[in-house]
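Next up, final.cif (mmCIF, C-alpha atoms):
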```cif
data_data
#
loop_
_atom_site.label_atom_id
_atom_site.label_comp_id
_atom_site.auth_asym_id
_atom_site.auth_seq_id
_atom_site.Cartn_x
_atom_site.Cartn_y
_atom_site.Cartn_z
CA MET A 1 18.96 41.43 10.52
CA ILE A 2 20.32 39.34 13.40
CA THR A 3 17.58 37.43 15.20
CA ALA A 4 17.29 35.41 18.39
CA ILE A 5 14.85 32.88 16.94
CA ARG A 6 17.17 29.90 17.61
CA ASP A 7 18.06 31.02 21.14
CA VAL A 8 14.44 31.63 22.13
CA ARG A 9 13.32 28.33 20.56
CA LYS A 10 16.02 26.39 22.42
CA ALA A 11 15.32 28.23 25.68
CA ARG A 12 11.67 27.17 25.34
CA GLY A 13 12.74 23.58 24.61
CA LEU A 14 10.97 23.48 21.23
CA THR A 15 12.00 21.69 18.05
CA LEU A 16 12.02 23.28 14.61
CA GLU A 17 8.98 21.16 13.72
CA GLN A 18 7.02 22.31 16.81
CA VAL A 19 7.66 25.97 16.00
CA ALA A 20 6.80 25.43 12.33
CA GLN A 21 3.47 23.81 13.23
CA ALA A 22 2.66 26.51 15.81
CA CYS A 23 3.02 29.27 13.19
CA ASP A 24 -0.16 30.67 11.70
CA PRO A 25 -0.36 29.46 8.98
CA PRO A 26 1.97 26.50 9.62
CA THR A 27 5.25 26.32 7.73
CA THR A 28 8.06 23.77 7.44
CA ALA A 29 10.85 22.98 9.88
CA GLN A 30 13.32 23.64 7.05
CA GLN A 31 11.97 27.18 6.60
CA ILE A 32 12.33 27.93 10.32
CA GLY A 33 15.87 26.49 10.20
CA ARG A 34 16.79 28.75 7.26
CA LEU A 35 15.42 31.81 9.08
CA GLU A 36 17.34 30.89 12.24
CA ALA A 37 20.60 30.36 10.35
CA GLY A 38 20.21 33.60 8.39
CA THR A 39 20.26 31.88 4.99
CA ARG A 40 16.84 33.42 4.35
CA THR A 41 15.98 37.05 5.01
CA VAL A 42 13.80 37.49 8.06
CA SER A 43 11.04 39.97 7.27
CA ILE A 44 8.71 41.71 9.70
CA ALA A 45 5.97 39.38 8.45
CA TRP A 46 8.05 36.34 9.42
CA LEU A 47 8.86 37.80 12.84
CA ASN A 48 5.15 38.47 13.44
CA ARG A 49 4.38 34.89 12.40
CA ILE A 50 7.09 33.17 14.45
CA ALA A 51 6.89 35.27 17.65
CA PRO A 52 3.44 33.99 18.78
CA ALA A 53 4.58 30.43 18.10
CA LEU A 54 7.43 31.02 20.56
CA GLY A 55 5.29 32.93 23.07
CA VAL A 56 7.21 36.20 22.72
CA THR A 57 6.83 39.48 20.88
CA ALA A 58 8.44 40.15 17.51
CA ALA A 59 10.70 42.72 19.21
CA ASP A 60 12.06 39.95 21.48
CA LEU A 61 13.36 38.14 18.39
CA VAL A 62 15.45 41.05 17.12
CA ARG A 63 18.96 41.32 18.52
CA LEU A 64 19.92 44.86 19.34
CA PRO A 65 23.40 45.82 20.54
CA GLU A 66 22.01 47.70 23.57
CA ARG A 67 19.79 44.79 24.65
CA PRO A 68 22.01 41.76 25.19
CA ASP A 69 20.69 38.32 26.05
CA LEU A 70 21.50 36.92 29.47
CA PRO A 71 23.32 33.58 29.48
CA VAL A 72 21.82 31.00 31.83
CA ALA A 73 24.53 29.79 34.24
CA ALA A 74 22.59 27.04 36.04
CA LEU A 75 19.16 25.49 36.54
CA LEU A 76 17.60 25.56 40.01
CA ASP A 77 15.06 23.08 41.37
CA ALA A 78 14.24 21.38 44.67
CA GLY A 79 17.48 19.38 44.40
CA GLY A 80 19.61 22.52 44.17
CA ALA A 81 21.53 24.21 41.36
CA ARG A 82 22.75 22.08 38.47
CA ALA A 83 24.84 22.72 35.40
CA LEU A 84 23.31 23.02 31.96
CA THR A 85 23.76 20.29 29.38
CA ARG A 86 23.49 22.82 26.56
CA LEU A 87 23.73 26.59 26.20
CA GLN A 88 20.62 28.57 27.14
CA VAL A 89 19.90 32.29 27.20
CA VAL A 90 17.13 34.39 28.67
CA VAL A 91 15.53 37.20 26.69
CA PRO A 92 15.45 40.29 28.93
CA PRO A 93 11.94 41.60 29.59
CA ALA A 94 10.59 44.50 27.58
CA PRO A 95 7.43 46.40 28.54
CA ALA A 96 4.49 46.08 26.18
CA PRO A 97 2.91 49.27 24.86
CA GLY A 98 0.55 50.90 27.34
CA MET A 99 1.92 49.18 30.44
CA VAL A 100 2.19 51.11 33.69
CA ALA A 101 4.42 50.54 36.70
CA VAL A 102 3.92 50.65 40.45
CA ARG A 103 7.00 51.33 42.58
CA VAL A 104 6.87 49.84 46.10
CA VAL A 105 8.33 52.31 48.61
CA ALA A 106 7.51 50.33 51.79
CA GLY A 107 6.94 46.60 52.21
CA VAL A 108 3.32 45.49 51.98
CA GLY A 109 1.92 41.99 51.47
CA ASP A 110 4.37 39.94 49.39
CA TYR A 111 6.12 43.04 48.07
CA ARG A 112 9.32 44.61 49.41
CA ALA A 113 10.53 48.20 49.32
CA GLY A 114 12.29 48.77 46.01
CA ASP A 115 10.14 46.32 44.01
CA VAL A 116 8.71 47.51 40.72
CA LEU A 117 5.44 45.98 39.51
CA TRP A 118 4.73 46.00 35.78
CA CYS A 119 1.00 46.23 35.18
CA GLU A 120 -1.11 45.55 32.10
CA PRO A 121 -4.12 47.89 31.78
CA LEU A 122 -7.41 46.09 31.11
CA ALA A 123 -10.72 47.43 29.83
CA PRO A 124 -13.94 46.46 31.71
CA ASP A 125 -14.73 43.64 29.29
CA ALA A 126 -11.39 41.98 30.23
CA PHE A 127 -11.61 42.37 34.03
CA ALA A 128 -12.26 38.63 34.44
CA ARG A 129 -8.64 38.03 33.34
CA ALA A 130 -7.52 39.73 36.55
CA LEU A 131 -9.49 37.62 39.05
CA ASN A 132 -7.32 36.45 41.97
CA ARG A 133 -4.50 38.73 40.81
CA ASP A 134 -3.13 41.93 42.30
CA VAL A 135 -4.52 44.99 40.53
CA LEU A 136 -4.23 48.78 40.53
CA VAL A 137 -7.66 50.44 40.35
CA PRO A 138 -8.18 54.16 39.67
CA ARG A 139 -10.38 56.05 42.14
CA PRO A 140 -11.87 59.55 41.95
CA VAL A 141 -9.67 62.64 42.36
CA GLY A 142 -6.44 60.98 41.20
CA ARG A 143 -6.33 58.31 43.90
CA PHE A 144 -5.79 54.56 43.49
CA LEU A 145 -6.64 51.33 45.27
CA PHE A 146 -4.22 48.39 45.10
CA GLY A 147 -5.17 44.88 46.15
CA ARG A 148 -6.26 41.37 45.16
CA LEU A 149 -9.30 41.25 42.86
CA LEU A 150 -11.56 38.72 44.56
CA ASP A 151 -14.78 39.02 42.58
CA ARG A 152 -16.58 40.94 39.89
CA ASP A 153 -20.32 41.22 40.38
CA PRO A 154 -21.77 42.39 37.04
CA LYS A 155 -25.42 41.99 38.17
CA SER A 156 -25.41 44.07 41.33
CA MET A 157 -28.47 46.27 41.94
CA GLU A 158 -26.26 49.38 41.94
CA GLY A 159 -24.42 48.35 38.76
CA PRO A 160 -21.24 46.36 38.24
CA ARG A 161 -19.00 46.10 41.32
CA LEU A 162 -15.46 44.95 41.99
CA HIS A 163 -14.47 43.29 45.27
CA LEU A 164 -10.86 43.97 46.27
CA LEU A 165 -8.86 42.92 49.29
CA PRO A 166 -6.14 45.49 50.12
CA LEU A 167 -2.73 44.01 50.99
CA THR A 168 -2.36 45.75 54.36
CA PRO A 169 -2.82 43.42 57.36
CA GLY A 170 -6.30 43.55 58.85
CA ALA A 171 -7.74 45.51 55.91
CA ARG A 172 -11.38 44.95 55.02
CA GLN A 173 -12.60 44.02 51.59
CA GLN A 174 -13.40 47.06 49.44
CA VAL A 175 -16.39 47.10 47.08
CA ILE A 176 -16.17 49.74 44.37
CA ALA A 177 -18.21 50.66 41.33
CA GLU A 178 -16.61 49.20 38.22
CA PRO A 179 -13.89 51.63 37.10
CA PRO A 180 -13.15 52.54 33.47
CA TRP A 181 -9.96 50.41 33.63
CA LEU A 182 -7.74 48.49 35.99
CA ALA A 183 -4.13 47.33 35.68
CA ARG A 184 -3.22 43.75 36.56
CA VAL A 185 0.27 42.97 37.84
CA VAL A 186 2.07 40.80 35.28
CA ARG A 187 5.73 41.08 36.32
CA LEU A 188 7.66 41.71 39.52
CA VAL A 189 11.11 43.26 39.17
CA ARG A 190 13.10 42.92 42.37
CA GLU A 191 16.68 43.84 43.07
CA LEU A 192 18.41 41.39 45.38
#
```

Rewrite the structure from the file as C-alpha cells, please.
Amino acid sequence: MITAIRDVRKARGLTLEQVAQACDPPTTAQQIGRLEAGTRTVSIAWLNRIAPALGVTAADLVRLPERPDLPVAALLDAGGARALTRLQVVVPPAPAPGMVAVRVVAGVGDYRAGDVLWCEPLAPDAFARALNRDVLVPRPVGRFLFGRLLDRDPKSMEGPRLHLLPLTPGARQQVIAEPPWLARVVRLVREL
C-alpha cells in the first residue's frame, strides 16, 4: 500500500520523533520512518494510530490514483509570495461520513454565489462546539434557518433555546427551540 505519511508529516512540519510520540500508544521514530519508507507493511491499525497524530483521517494517508496530492507552489504571507525551501504537498479535502453541504446561490454575508459550505452535523449535547460559528438549523415542515449561533440557553423557562443571527443585512436575532440537530460549517469551497 502506498501511503502519504511522509508528505503529510512534512507538510505539517513535524519530525519523526514528534509523530511517534503523538501516536497512541507512542512508538519510535524508527518505526514511523520504516512505515513512511515502505520497508514495513502499513496496516489499517497503523494508519488508525498515525492519522490522529498527524491531524488527518486514515483515508487521507492512503494514496489513491484518482485522488492526487496537490503540490504547493509558493507560501503566501503579509510580505507576499515566496518560494519553498523544500517540497510540500497538500492533501485534498475529503468529506467525513455524515457531512451535509449548503450551496450558496446568491451572495449573503461573507459567502458568494457558487460557494459550497461543508457542514458537520452535531447532536444537542455538542451544540456548544458551534458557538460563534455559522450553522444550518432544521425547522418544521422541511425548512431551515442559516446563521451565526450566538448563544445556547439550556435553562430557559420554555426549555432549551438557540439564539441565531441570520446573515441577511438588518435581520433580527432568531430564538428557536433546541432542534434535534444542527450542522456547523467546517469548510468553505470557493471557485475563483

Hey, can you check how far CA of Pro52 in chain A sits from CA of Arg86 in chain A?
-> 24.2 Å

Answer key for the PyMOL selection byres ((chain A and resi 110) around 12), residues as number ranges by chain = A: 104, 106-109, 111-113, 115, 117, 134, 147-148, 166-169, 188, 190

Output C-alpha atoms for every residue in the selection just made, as an mmCIF file, in the frame of the given file.
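Saved the output as result32.cif:
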```cif
data_model
loop_
_atom_site.group_PDB
_atom_site.id
_atom_site.type_symbol
_atom_site.label_atom_id
_atom_site.label_comp_id
_atom_site.auth_asym_id
_atom_site.auth_seq_id
_atom_site.Cartn_x
_atom_site.Cartn_y
_atom_site.Cartn_z
ATOM 1 C CA VAL A 104 6.870 49.840 46.100
ATOM 2 C CA ALA A 106 7.510 50.330 51.790
ATOM 3 C CA GLY A 107 6.940 46.600 52.210
ATOM 4 C CA VAL A 108 3.320 45.490 51.980
ATOM 5 C CA GLY A 109 1.920 41.990 51.470
ATOM 6 C CA TYR A 111 6.120 43.040 48.070
ATOM 7 C CA ARG A 112 9.320 44.610 49.410
ATOM 8 C CA ALA A 113 10.530 48.200 49.320
ATOM 9 C CA ASP A 115 10.140 46.320 44.010
ATOM 10 C CA LEU A 117 5.440 45.980 39.510
ATOM 11 C CA ASP A 134 -3.130 41.930 42.300
ATOM 12 C CA GLY A 147 -5.170 44.880 46.150
ATOM 13 C CA ARG A 148 -6.260 41.370 45.160
ATOM 14 C CA PRO A 166 -6.140 45.490 50.120
ATOM 15 C CA LEU A 167 -2.730 44.010 50.990
ATOM 16 C CA THR A 168 -2.360 45.750 54.360
ATOM 17 C CA PRO A 169 -2.820 43.420 57.360
ATOM 18 C CA LEU A 188 7.660 41.710 39.520
ATOM 19 C CA ARG A 190 13.100 42.920 42.370
#
```

What gap, in Å, lies between CA of Ala123 in chain A and CA of Thr57 in chain A?
->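 Distance between the two atoms: 21.2 Å.
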
With distances taken over all atoms listed in the file, which of A:Gly142, A:Gly170, A:Gly33, A:Pro95 is nearest to Cys119 in chain A?
->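 Between A:Gly142, A:Gly170, A:Gly33, A:Pro95, the residue approaching Cys119 in chain A most closely is A:Pro95.
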
12 Å contact set for Gln18 in chain A, all atoms listed in the file, chain neighbours under 6 positions out, as an MDAnalysis selection string | chainID A and resid 9:10 12 26:30 32:33 50 53:54

Nearest residue to Val186 in chain A from the set A:Leu162, A:Leu14, A:Leu136, A:Leu87 (distances using all atoms listed in the file) |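 Result for the nearest residue to Val186 in chain A: A:Leu136.
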
Which residues are near Asn132 in chain A? Cut-off 8 Å, all atoms listed in the file, ignore same chain within fewer than 3 positions. Put them as a compact mmCIF listing (two decimals) with C-alpha atoms, keeping the file's coordinate frame.
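Okay, this is what ended up in out_25.txt:
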```
# COMPACT_ATOMS: atom_id res chain seq x y z
CA ARG A 148 -6.26 41.37 45.16
CA LEU A 149 -9.30 41.25 42.86
CA LEU A 150 -11.56 38.72 44.56
CA ASP A 151 -14.78 39.02 42.58
```

All file atoms of range 12-31 of chain A boxed axis-aligned, 3 Å per side, centre plus edges, as AutoDock Vina command-line options:
```
--center_x 6.5 --center_y 25.9 --center_z 16.0 --size_x 19.7 --size_y 15.5 --size_z 24.7
```

Would you write out, as a VMD selection string, every residue that the PyMOL selection byres ((chain A and resi 176) around 10) captures in this file?
-> chain A and resid 137 139 145 152 160 to 164 173 to 175 177 to 179

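The interatomic distance for the pair CA of Arg187 in chain A and CA of Leu76 in chain A works out to 19.9 Å.
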
Give the answer as one residue: which of A:Val135, A:Ala130, A:Ala59, A:Ala81 has the shortest atom-to-atom distance to Ala96 in chain A, using all atoms listed in the file?
->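 Using all atoms listed in the file, the shortest distance to Ala96 in chain A belongs to A:Ala59.
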
Do you know which residues are at most 10 Å from Ala73 in chain A counting all atoms listed in the file, after dropping those on the same chain fewer than 5 positions away, and could you put them as a PyMOL selection string?
-> chain A and resi 81-84+87-89

For each of A:Arg63, A:Arg49, A:Arg143, A:Arg6, take the minimum atom-to-atom distance to Glu36 in chain A, counting only C-alpha atoms, then give the residue where this is smallest.
-> A:Arg6

For this file, the PyMOL selection byres ((chain A and resi 37) around 12) selects which residues, as a PDB file with C-alpha atoms, keeping the file's coordinate frame?
```
ATOM      1  CA  MET A   1      18.960  41.430  10.520  1.00  0.00           C
ATOM      2  CA  ILE A   2      20.320  39.340  13.400  1.00  0.00           C
ATOM      3  CA  THR A   3      17.580  37.430  15.200  1.00  0.00           C
ATOM      4  CA  ALA A   4      17.290  35.410  18.390  1.00  0.00           C
ATOM      5  CA  ILE A   5      14.850  32.880  16.940  1.00  0.00           C
ATOM      6  CA  ARG A   6      17.170  29.900  17.610  1.00  0.00           C
ATOM      7  CA  ASP A   7      18.060  31.020  21.140  1.00  0.00           C
ATOM      8  CA  LEU A  16      12.020  23.280  14.610  1.00  0.00           C
ATOM      9  CA  GLN A  30      13.320  23.640   7.050  1.00  0.00           C
ATOM     10  CA  GLN A  31      11.970  27.180   6.600  1.00  0.00           C
ATOM     11  CA  ILE A  32      12.330  27.930  10.320  1.00  0.00           C
ATOM     12  CA  GLY A  33      15.870  26.490  10.200  1.00  0.00           C
ATOM     13  CA  ARG A  34      16.790  28.750   7.260  1.00  0.00           C
ATOM     14  CA  LEU A  35      15.420  31.810   9.080  1.00  0.00           C
ATOM     15  CA  GLU A  36      17.340  30.890  12.240  1.00  0.00           C
ATOM     16  CA  GLY A  38      20.210  33.600   8.390  1.00  0.00           C
ATOM     17  CA  THR A  39      20.260  31.880   4.990  1.00  0.00           C
ATOM     18  CA  ARG A  40      16.840  33.420   4.350  1.00  0.00           C
ATOM     19  CA  THR A  41      15.980  37.050   5.010  1.00  0.00           C
ATOM     20  CA  VAL A  42      13.800  37.490   8.060  1.00  0.00           C
TER      21      VAL A  42
END
```
